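See structure below.
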Amino acid sequence: MLESLGGQIFNGLVSGAFYAMLSLGLAIIFGLLRIVNFAHGTMYMLGAFVAYVGAQSLGLNFWVALIASPIVVAIVGIILERLLLCRLYKLDVLYNLLLTFGITLFIEDAMRLKFGMQGSPYVIPGKLEGVVNLGFMIYPTYRVFVIVASLIVCIATWLLIEKTSLGATLRAATENPGLVRAFGINVPALITGVFGFGCALAAFAGVLAAPVNNVAPLMGDDIIIPTFAVVVIGGMGSILGSIVTGFVVGVVVALGAFFYPPISGTLIYILMAFVLLVKPTGLFGSVEGSR
Amino acid sequence: MPETLLSVRNLQAWYDESQALFGVDLDVREGEVVTLVGRNGVGKTTTLKSIMGMIPGVKGSIALRGTPILGLSSHRIARLGIGVVPEERGIFSGLTVRENLMLPPVIAEGGWSLERIHQLFPILDERRNSIGTKLSGGEQQMLAIARILRSGARLVLMDEPTEGLAPVIVNAIRDLVLDMKRDGITVLLVEQNLRFATKVSDRHYLMVHGKIVETLSNEEVVHREGELLAHLGV
Ligand SMILES: Nc1ncnc2c1ncn2[C@@H]1O[C@H](COP(=O)(O)OP(=O)(O)OP(=O)(O)O)[C@@H](O)[C@H]1O
Ligand SMILES: [Mg+2]
């Protein structure tokens with residue numbers, strides 16, 4: 001009983017790791033661009049596919065993919081931002097939501113035409129195969145790696161934003177882009193970079209997900225819907241909030257499913273509805289953030 | 001006579017359909033401190049923002065040392081050596097005092113060093129890790145000016161730096177502006193406080209409904225103080 005409860009908590013941490021990385025990227029993008037990037041799940045899927053195709057055609061190994069894929073997807077994001085998104089900033093946010101939704105449909109269908117619906121397996125890298133004894137239980141090595149890698153990336157991102165001068169510039173631009181620009185900082189370039197960075201985070205998560213599930217064109221949809229629920233629960237206001245909420249929601253949902261399995265698919269939305277009733281701006285959100 | 005640093009001709013600006021500036025003409029010479037006075041809503045802030053490239057669709061001409069700058073994006077204008085101390089100070093609530101101070105990049109050599117700033121305003125060092133907006137209004141104003149001096153800007157556009165501040169603080173800002181002047185920094189100042197304006201400025205432009213209507217010397221402002229105050233409604 002205890003062993004399987006522990007296992008379930010770790011499963012929760014694994015889903016939480018993905019929620020955290022994705023909602024973190026969404027939060028950073030929302031902070032500066034004020035848009036909800038519906039295409040975020042697509043970037044995650046592309047990240048997995050870059051790793052998969054890279055392995056198939058170039059023999060790219062997992063470790064290289066973990067670096068290369070986020071870079072490739074960041075470039076895709078940057079092109080999309082420069083080509084399309086940047087034209088809509090002056091309009092109501094709904095237009096950007098529609099646009100990113102359209103981008104999602106477009107890319108997903110293109111990938112479906114090329115790769116089919118089925119999805120393909122991606123093998124776990126050799127060093128991370130097998131199980132590891134955590135002392136109190138035995139758990140797949142690769143999944144432990146996912147949790148650790150996600151934590152490292154999330155914390156590094158948080159430090160970058162909270163503790164560096166680049167991060168300070170970013171926070172200032174979130175607050176008053178016009179003034180930051182009048183100080184001589186190229187805010188449009190900053191925006192492009194931030195969008196690219198957010199996409200890179202999603203792609204990193206996608207590469208991590210490749211050995212866990214099949215690499216499939218619609219894999220982004222499966223993760224992005226609960227991730228939006230996480231974002232609503234945590235609120236759009238805070239970087240740290242999105243990381244913490246990601247992991248906590250992952251664990252809470254896993255525990256709910258452990259004690260009452262029928263609830264596993266809906267618990268996250270029940271949580272979301274509950275938070276909306278009690279604190280509509282989300283647990284860490286402010287009115288400022290949801291403006 | 002020093003050469004003209006900033007030259008604005010027939011400047012017109014709009015907010016959506018409504019026109020805010022109706023042909024502003026003004027000149028600021030190297031090393032001068034010039035004020036722009038006028039009642040609320042005549043377009044003083046709009047003039048500064050237009051010079052800075054912060055308002056789209058502006059017409060007319062703006063030249064810095066003879067080079068046209070109208071139409072450049074505002075980060076490029078800043079890089080030419082212009083700094084802003086905005087209305088209501090523009091201190092960032094998401095940044096600490098130190099982060100606020102270090103935010104504007106150094107755009108030219110000869111800016112004030114951190115040591116010099118801290119010597120003049122020890123509070124900015126003592127409270128470097130506090131949230132910027134937790135400082136008092138006067139301290140925030142010092143921070144807003146100090147961060148621009150650090151950047152090395154040679155022309156500083158200041159929008160109502162004394163607004164809502166106690167007389168001692170106003171005096172401190174006066175000394176600071178006089179210090180800047182001694183350093184050869186040129187200042188275009190928007191100000192409602194005529195006493196303050198006459199102490200720091202070389203001349204004054206009177207603005208009415210989106211236009212400059214008169215240039216006044218310090219003596220004229222002192223002489224016509226009652227009439228001007230009545231006009232400004234302050
Ligand atoms: N963002 C805006 N949108 C629409 N109209 C604006 C905007 N900002 C200013 N205005 C209008 O443009 C005109 C000029 O405003 P501006 O802020 O330049 O005046 P000001 O002289 O700086 O006034 P104050 O002394 O109150 O600061 C005013 O009629 C004002 O209502
Ligand atoms: Mg004003």
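How things are named: the first chain in the structure tokens is A, the next is B, and so on; residues count from 1 in each chain; ligands count from 1 in the order shown.
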
Give me the chain B side of the contact with ligand 1, cut-off 6 Å, one line per residue showing its nearest atom pair and distance in Å at one decimal, counting only C-alpha atoms and all ligand atoms, sorted by chain and residue number, as CSV.
```
residue,atom,partner,partner_atom_place_in_ligand_line,distance
B:Tyr15,CA,ligand 1,4 (C),4.8
B:Ala20,CA,ligand 1,12 (O),4.7
B:Arg39,CA,ligand 1,25 (O),5.8
B:Asn40,CA,ligand 1,25 (O),3.5
B:Gly41,CA,ligand 1,19 (O),3.4
B:Val42,CA,ligand 1,21 (O),4.1
B:Gly43,CA,ligand 1,18 (O),3.1
B:Lys44,CA,ligand 1,21 (O),3.7
B:Thr45,CA,ligand 1,22 (O),3.6
B:Thr46,CA,ligand 1,18 (O),3.6
```

What would the file look like if the residues just selected were written as an mmCIF file, in the first residue's frame with C-alpha atoms?
```cif
data_model
loop_
_atom_site.group_PDB
_atom_site.id
_atom_site.type_symbol
_atom_site.label_atom_id
_atom_site.label_comp_id
_atom_site.auth_asym_id
_atom_site.auth_seq_id
_atom_site.Cartn_x
_atom_site.Cartn_y
_atom_site.Cartn_z
ATOM 1 C CA TYR B 15 -4.648 60.279 -29.809
ATOM 2 C CA ALA B 20 -3.423 66.969 -28.955
ATOM 3 C CA ARG B 39 -2.337 74.298 -17.728
ATOM 4 C CA ASN B 40 -3.415 70.702 -17.331
ATOM 5 C CA GLY B 41 -4.067 68.949 -20.592
ATOM 6 C CA VAL B 42 -2.439 71.454 -22.970
ATOM 7 C CA GLY B 43 -0.072 68.812 -24.326
ATOM 8 C CA LYS B 44 3.162 69.119 -22.331
ATOM 9 C CA THR B 45 3.542 65.409 -21.716
ATOM 10 C CA THR B 46 2.498 64.699 -25.275
#
```

Exercise. Got a sec: who's within 7 Å of Ala51 (chain A), counting only C-alpha atoms, leaving out chain neighbours fewer than 2 positions off, as number ranges by chain?
Worked result: A: 47-49, 53-55, 65, 69, 207

Exercise. What lies within 12 Å of region 162-164 of chain A using only C-alpha atoms, ignoring chain neighbours under 2 positions off, as number ranges by chain?
Worked result: A: 155-160, 166-172, 238-240; B: 94-96, 98-99, 102-103, 129

Exercise. Which residue, B:Ile185, B:Ala197, B:Met158, B:Ala144, has the smallest gap to ligand 2 when you use only C-alpha atoms and all ligand atoms?
Worked result: B:Met158

For this session: Determine which residues of region 7-234 of chain B DSSP labels as strand (DSSP E) from the backbone of this structure, then write them out as a PyMOL selection string.
Result: chain B and resi 7-15+18-29+33-37+59-64+67-68+82-85+155-159+186-190+203-208+211-217

For this session: Return as number ranges by chain the residues belonging to chain B that are within 9 Å of chain A, counting only C-alpha atoms.
Result: B: 52-54, 73-80, 82-84, 86, 90, 92-96, 99-100, 102-107, 148, 151

Requested write-out: N, CA and C atoms of the selected residues, as a PDB file, in the first residue's frame:
```pdb
ATOM      1  N   MET B  52      10.361  61.776 -27.824  1.00  0.00           N
ATOM      2  CA  MET B  52      10.948  60.481 -27.472  1.00  0.00           C
ATOM      3  C   MET B  52      10.496  59.356 -28.401  1.00  0.00           C
ATOM      4  N   GLY B  53       9.601  59.654 -29.325  1.00  0.00           N
ATOM      5  CA  GLY B  53       9.137  58.610 -30.241  1.00  0.00           C
ATOM      6  C   GLY B  53       8.160  57.647 -29.618  1.00  0.00           C
ATOM      7  N   MET B  54       7.485  58.094 -28.552  1.00  0.00           N
ATOM      8  CA  MET B  54       6.585  57.180 -27.849  1.00  0.00           C
ATOM      9  C   MET B  54       5.154  57.275 -28.330  1.00  0.00           C
ATOM     10  N   SER B  73      12.348  54.639 -33.915  1.00  0.00           N
ATOM     11  CA  SER B  73      11.697  54.018 -32.763  1.00  0.00           C
ATOM     12  C   SER B  73      12.356  54.534 -31.485  1.00  0.00           C
ATOM     13  N   SER B  74      11.593  54.470 -30.394  1.00  0.00           N
ATOM     14  CA  SER B  74      12.033  55.225 -29.228  1.00  0.00           C
ATOM     15  C   SER B  74      13.309  54.660 -28.619  1.00  0.00           C
ATOM     16  N   HIS B  75      13.579  53.359 -28.760  1.00  0.00           N
ATOM     17  CA  HIS B  75      14.845  52.878 -28.190  1.00  0.00           C
ATOM     18  C   HIS B  75      16.041  53.410 -28.977  1.00  0.00           C
ATOM     19  N   ARG B  76      15.840  53.693 -30.251  1.00  0.00           N
ATOM     20  CA  ARG B  76      16.950  54.261 -31.026  1.00  0.00           C
ATOM     21  C   ARG B  76      17.143  55.742 -30.687  1.00  0.00           C
ATOM     22  N   ILE B  77      16.047  56.430 -30.449  1.00  0.00           N
ATOM     23  CA  ILE B  77      16.151  57.833 -30.049  1.00  0.00           C
ATOM     24  C   ILE B  77      16.909  57.944 -28.725  1.00  0.00           C
ATOM     25  N   ALA B  78      16.553  57.052 -27.790  1.00  0.00           N
ATOM     26  CA  ALA B  78      17.241  57.074 -26.493  1.00  0.00           C
ATOM     27  C   ALA B  78      18.742  56.894 -26.675  1.00  0.00           C
ATOM     28  N   ARG B  79      19.105  55.996 -27.577  1.00  0.00           N
ATOM     29  CA  ARG B  79      20.534  55.697 -27.795  1.00  0.00           C
ATOM     30  C   ARG B  79      21.305  56.882 -28.359  1.00  0.00           C
ATOM     31  N   LEU B  80      20.569  57.877 -28.874  1.00  0.00           N
ATOM     32  CA  LEU B  80      21.245  59.075 -29.361  1.00  0.00           C
ATOM     33  C   LEU B  80      21.604  60.013 -28.213  1.00  0.00           C
ATOM     34  N   ILE B  82      19.303  60.736 -25.336  1.00  0.00           N
ATOM     35  CA  ILE B  82      18.188  61.405 -24.656  1.00  0.00           C
ATOM     36  C   ILE B  82      17.651  60.511 -23.544  1.00  0.00           C
ATOM     37  N   GLY B  83      17.413  61.098 -22.384  1.00  0.00           N
ATOM     38  CA  GLY B  83      16.876  60.336 -21.263  1.00  0.00           C
ATOM     39  C   GLY B  83      15.544  60.918 -20.812  1.00  0.00           C
ATOM     40  N   VAL B  84      14.683  60.068 -20.261  1.00  0.00           N
ATOM     41  CA  VAL B  84      13.395  60.564 -19.762  1.00  0.00           C
ATOM     42  C   VAL B  84      13.231  60.341 -18.269  1.00  0.00           C
ATOM     43  N   PRO B  86       9.953  60.367 -16.388  1.00  0.00           N
ATOM     44  CA  PRO B  86       8.554  60.489 -16.810  1.00  0.00           C
ATOM     45  C   PRO B  86       7.636  61.070 -15.730  1.00  0.00           C
ATOM     46  N   GLY B  90       7.595  56.806 -12.861  1.00  0.00           N
ATOM     47  CA  GLY B  90       7.867  55.567 -13.584  1.00  0.00           C
ATOM     48  C   GLY B  90       8.801  54.610 -12.869  1.00  0.00           C
ATOM     49  N   PHE B  92       9.450  51.106 -11.160  1.00  0.00           N
ATOM     50  CA  PHE B  92       8.840  49.800 -11.395  1.00  0.00           C
ATOM     51  C   PHE B  92       8.595  49.058 -10.089  1.00  0.00           C
ATOM     52  N   SER B  93       7.373  48.599  -9.910  1.00  0.00           N
ATOM     53  CA  SER B  93       7.023  47.921  -8.655  1.00  0.00           C
ATOM     54  C   SER B  93       7.533  46.484  -8.628  1.00  0.00           C
ATOM     55  N   GLY B  94       7.896  45.958  -9.791  1.00  0.00           N
ATOM     56  CA  GLY B  94       8.425  44.593  -9.815  1.00  0.00           C
ATOM     57  C   GLY B  94       9.940  44.545  -9.666  1.00  0.00           C
ATOM     58  N   LEU B  95      10.553  45.707  -9.463  1.00  0.00           N
ATOM     59  CA  LEU B  95      12.012  45.776  -9.383  1.00  0.00           C
ATOM     60  C   LEU B  95      12.445  46.397  -8.061  1.00  0.00           C
ATOM     61  N   THR B  96      13.602  45.973  -7.575  1.00  0.00           N
ATOM     62  CA  THR B  96      14.144  46.592  -6.368  1.00  0.00           C
ATOM     63  C   THR B  96      14.692  47.980  -6.718  1.00  0.00           C
ATOM     64  N   GLU B  99      17.698  47.530  -8.857  1.00  0.00           N
ATOM     65  CA  GLU B  99      17.332  47.121 -10.223  1.00  0.00           C
ATOM     66  C   GLU B  99      16.745  48.293 -11.008  1.00  0.00           C
ATOM     67  N   ASN B 100      15.945  49.105 -10.337  1.00  0.00           N
ATOM     68  CA  ASN B 100      15.419  50.308 -10.987  1.00  0.00           C
ATOM     69  C   ASN B 100      16.545  51.234 -11.426  1.00  0.00           C
ATOM     70  N   MET B 102      19.662  50.442 -12.071  1.00  0.00           N
ATOM     71  CA  MET B 102      20.522  49.863 -13.096  1.00  0.00           C
ATOM     72  C   MET B 102      19.779  49.568 -14.404  1.00  0.00           C
ATOM     73  N   LEU B 103      18.471  49.787 -14.418  1.00  0.00           N
ATOM     74  CA  LEU B 103      17.678  49.388 -15.589  1.00  0.00           C
ATOM     75  C   LEU B 103      18.070  50.093 -16.889  1.00  0.00           C
ATOM     76  N   PRO B 104      18.133  51.421 -16.911  1.00  0.00           N
ATOM     77  CA  PRO B 104      18.480  52.052 -18.189  1.00  0.00           C
ATOM     78  C   PRO B 104      19.918  51.717 -18.573  1.00  0.00           C
ATOM     79  N   PRO B 105      20.129  51.217 -19.770  1.00  0.00           N
ATOM     80  CA  PRO B 105      21.500  50.907 -20.175  1.00  0.00           C
ATOM     81  C   PRO B 105      22.310  52.193 -20.290  1.00  0.00           C
ATOM     82  N   VAL B 106      23.625  52.072 -20.127  1.00  0.00           N
ATOM     83  CA  VAL B 106      24.503  53.229 -20.319  1.00  0.00           C
ATOM     84  C   VAL B 106      24.539  53.525 -21.816  1.00  0.00           C
ATOM     85  N   ILE B 107      24.068  54.726 -22.181  1.00  0.00           N
ATOM     86  CA  ILE B 107      23.963  55.051 -23.605  1.00  0.00           C
ATOM     87  C   ILE B 107      25.089  55.963 -24.070  1.00  0.00           C
ATOM     88  N   ILE B 148      18.641  58.033 -14.775  1.00  0.00           N
ATOM     89  CA  ILE B 148      18.899  58.639 -16.078  1.00  0.00           C
ATOM     90  C   ILE B 148      20.296  59.269 -16.110  1.00  0.00           C
ATOM     91  N   SER B 151      22.846  56.789 -16.922  1.00  0.00           N
ATOM     92  CA  SER B 151      22.872  56.318 -18.312  1.00  0.00           C
ATOM     93  C   SER B 151      23.749  57.196 -19.204  1.00  0.00           C
TER      94      SER B 151
END
```

For this session: Could you pull out the residues in region 173-280 of chain A that DSSP calls helix (DSSP H, G or I) from the backbone, as number ranges by chain?
Result: A: 173-175, 177-182, 187-209, 219-234, 239-259, 261-263, 267-278

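For Phe284 (chain A), the non-local neighbours within 7 Å, defined as residues at least 5 positions apart in the same chain or in other chains and counting only C-alpha atoms, are Gly234, Gly235, Gly237, Ser238 and Gly241 of chain A.
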
Please, could you write that set of residues out with N, CA and C atoms as an mmCIF file, in the first residue's frame?
```cif
data_model
loop_
_atom_site.group_PDB
_atom_site.id
_atom_site.type_symbol
_atom_site.label_atom_id
_atom_site.label_comp_id
_atom_site.auth_asym_id
_atom_site.auth_seq_id
_atom_site.Cartn_x
_atom_site.Cartn_y
_atom_site.Cartn_z
ATOM 1 N N GLY A 234 -3.255 28.254 -10.892
ATOM 2 C CA GLY A 234 -2.144 29.022 -10.334
ATOM 3 C C GLY A 234 -2.305 30.514 -10.525
ATOM 4 N N GLY A 235 -2.987 30.905 -11.586
ATOM 5 C CA GLY A 235 -3.103 32.324 -11.892
ATOM 6 C C GLY A 235 -1.966 32.737 -12.813
ATOM 7 N N GLY A 237 -0.243 35.409 -12.676
ATOM 8 C CA GLY A 237 0.598 36.471 -12.147
ATOM 9 C C GLY A 237 2.056 36.127 -11.925
ATOM 10 N N SER A 238 2.341 34.872 -11.602
ATOM 11 C CA SER A 238 3.652 34.636 -11.006
ATOM 12 C C SER A 238 4.402 33.480 -11.654
ATOM 13 N N GLY A 241 4.811 30.819 -9.001
ATOM 14 C CA GLY A 241 3.484 30.239 -8.827
ATOM 15 C C GLY A 241 3.198 29.159 -9.857
#
```

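Between CA of Phe195 (chain A) and CA of Ile29 (chain A) there is a distance of 5.8 Å.
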
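With only C-alpha atoms and all ligand atoms as the basis for measurement, B:Leu36 is the residue among B:Val187, B:Met142, B:Leu6, B:Leu36 that approaches ligand 2 most closely.
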
Exercise. Smallest atom-to-atom distance to Thr266 (chain A): which of A:Gly31, A:Pro226, A:Val73, A:Gly59, using only C-alpha atoms?
Worked result: A:Pro226

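Neighbours of Asp159 (chain B) closer than or equal to 7 Å, with only C-alpha atoms counted and sequence neighbours fewer than 3 positions away skipped, come out as Thr45, Val85, Pro86, Glu87, Leu189, Val190 and Glu191 of chain B.
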
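Ranking A:Tyr269, A:Val248, A:Gly41, A:Leu208 by their shortest atom-to-atom distance to Arg143 (chain A), with only C-alpha atoms included, puts A:Leu208 first.
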
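Between CA of Gln192 (chain B) and CA of His118 (chain B) lies a distance of 28.8 Å.
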
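Separating CA of Val168 (chain B) from CA of Leu206 (chain B) is a distance of 26.4 Å.
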
For this session: Extract, using only C-alpha atoms, all DNA, RNA and protein residues at most 10 Å from Val33 (chain B), discarding same-chain residues fewer than 6 positions from it, and format them as a PyMOL selection string.
Result: chain B and resi 155-156+177-178+180-181+184-189+197+200-204

Selection from above, N, CA, C and O atoms, as a PDB file, in the first residue's frame, can you write it?
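Dumped everything to again.pdb:
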```
ATOM      1  N   LEU B 155      20.770  64.910 -22.997  1.00  0.00           N
ATOM      2  CA  LEU B 155      19.542  65.713 -22.990  1.00  0.00           C
ATOM      3  C   LEU B 155      18.531  64.957 -22.146  1.00  0.00           C
ATOM      4  O   LEU B 155      18.260  63.782 -22.396  1.00  0.00           O
ATOM      5  N   VAL B 156      18.011  65.613 -21.117  1.00  0.00           N
ATOM      6  CA  VAL B 156      17.069  64.932 -20.235  1.00  0.00           C
ATOM      7  C   VAL B 156      15.706  65.617 -20.332  1.00  0.00           C
ATOM      8  O   VAL B 156      15.606  66.842 -20.185  1.00  0.00           O
ATOM      9  N   VAL B 177      19.112  69.565 -10.238  1.00  0.00           N
ATOM     10  CA  VAL B 177      19.035  70.068 -11.615  1.00  0.00           C
ATOM     11  C   VAL B 177      20.165  71.072 -11.864  1.00  0.00           C
ATOM     12  O   VAL B 177      20.777  71.074 -12.941  1.00  0.00           O
ATOM     13  N   LEU B 178      20.478  71.887 -10.851  1.00  0.00           N
ATOM     14  CA  LEU B 178      21.591  72.833 -11.011  1.00  0.00           C
ATOM     15  C   LEU B 178      22.931  72.094 -11.167  1.00  0.00           C
ATOM     16  O   LEU B 178      23.784  72.506 -11.955  1.00  0.00           O
ATOM     17  N   MET B 180      23.220  69.126 -12.516  1.00  0.00           N
ATOM     18  CA  MET B 180      23.184  68.590 -13.883  1.00  0.00           C
ATOM     19  C   MET B 180      23.612  69.659 -14.868  1.00  0.00           C
ATOM     20  O   MET B 180      24.387  69.421 -15.792  1.00  0.00           O
ATOM     21  N   LYS B 181      23.103  70.852 -14.625  1.00  0.00           N
ATOM     22  CA  LYS B 181      23.419  71.959 -15.516  1.00  0.00           C
ATOM     23  C   LYS B 181      24.916  72.244 -15.502  1.00  0.00           C
ATOM     24  O   LYS B 181      25.541  72.452 -16.548  1.00  0.00           O
ATOM     25  N   GLY B 184      26.853  70.249 -17.631  1.00  0.00           N
ATOM     26  CA  GLY B 184      26.629  70.452 -19.056  1.00  0.00           C
ATOM     27  C   GLY B 184      25.486  69.644 -19.635  1.00  0.00           C
ATOM     28  O   GLY B 184      25.357  69.506 -20.853  1.00  0.00           O
ATOM     29  N   ILE B 185      24.642  69.093 -18.776  1.00  0.00           N
ATOM     30  CA  ILE B 185      23.491  68.341 -19.272  1.00  0.00           C
ATOM     31  C   ILE B 185      22.379  69.322 -19.637  1.00  0.00           C
ATOM     32  O   ILE B 185      22.112  70.278 -18.912  1.00  0.00           O
ATOM     33  N   THR B 186      21.775  69.081 -20.794  1.00  0.00           N
ATOM     34  CA  THR B 186      20.690  69.929 -21.261  1.00  0.00           C
ATOM     35  C   THR B 186      19.365  69.358 -20.770  1.00  0.00           C
ATOM     36  O   THR B 186      19.184  68.141 -20.763  1.00  0.00           O
ATOM     37  N   VAL B 187      18.467  70.250 -20.338  1.00  0.00           N
ATOM     38  CA  VAL B 187      17.220  69.757 -19.756  1.00  0.00           C
ATOM     39  C   VAL B 187      16.010  70.449 -20.384  1.00  0.00           C
ATOM     40  O   VAL B 187      15.989  71.676 -20.498  1.00  0.00           O
ATOM     41  N   LEU B 188      15.050  69.661 -20.798  1.00  0.00           N
ATOM     42  CA  LEU B 188      13.743  70.204 -21.168  1.00  0.00           C
ATOM     43  C   LEU B 188      12.786  69.746 -20.078  1.00  0.00           C
ATOM     44  O   LEU B 188      12.570  68.549 -19.881  1.00  0.00           O
ATOM     45  N   LEU B 189      12.250  70.736 -19.365  1.00  0.00           N
ATOM     46  CA  LEU B 189      11.544  70.468 -18.124  1.00  0.00           C
ATOM     47  C   LEU B 189      10.089  70.887 -18.248  1.00  0.00           C
ATOM     48  O   LEU B 189       9.810  72.017 -18.638  1.00  0.00           O
ATOM     49  N   ALA B 197      10.738  76.643 -11.291  1.00  0.00           N
ATOM     50  CA  ALA B 197      11.154  76.792 -12.688  1.00  0.00           C
ATOM     51  C   ALA B 197      12.109  77.967 -12.865  1.00  0.00           C
ATOM     52  O   ALA B 197      13.129  77.863 -13.547  1.00  0.00           O
ATOM     53  N   VAL B 200      15.776  77.237 -11.716  1.00  0.00           N
ATOM     54  CA  VAL B 200      16.665  76.325 -12.446  1.00  0.00           C
ATOM     55  C   VAL B 200      16.771  76.619 -13.941  1.00  0.00           C
ATOM     56  O   VAL B 200      17.734  76.218 -14.585  1.00  0.00           O
ATOM     57  N   SER B 201      15.779  77.347 -14.486  1.00  0.00           N
ATOM     58  CA  SER B 201      15.713  77.432 -15.942  1.00  0.00           C
ATOM     59  C   SER B 201      16.326  78.698 -16.512  1.00  0.00           C
ATOM     60  O   SER B 201      16.488  79.698 -15.827  1.00  0.00           O
ATOM     61  N   ASP B 202      16.659  78.635 -17.795  1.00  0.00           N
ATOM     62  CA  ASP B 202      17.130  79.798 -18.521  1.00  0.00           C
ATOM     63  C   ASP B 202      15.982  80.537 -19.193  1.00  0.00           C
ATOM     64  O   ASP B 202      15.980  81.755 -19.261  1.00  0.00           O
ATOM     65  N   ARG B 203      15.037  79.780 -19.717  1.00  0.00           N
ATOM     66  CA  ARG B 203      13.855  80.405 -20.296  1.00  0.00           C
ATOM     67  C   ARG B 203      12.671  79.459 -20.214  1.00  0.00           C
ATOM     68  O   ARG B 203      12.825  78.302 -19.824  1.00  0.00           O
ATOM     69  N   HIS B 204      11.520  80.001 -20.573  1.00  0.00           N
ATOM     70  CA  HIS B 204      10.273  79.252 -20.397  1.00  0.00           C
ATOM     71  C   HIS B 204       9.403  79.393 -21.634  1.00  0.00           C
ATOM     72  O   HIS B 204       9.275  80.487 -22.180  1.00  0.00           O
TER      73      HIS B 204
END
```
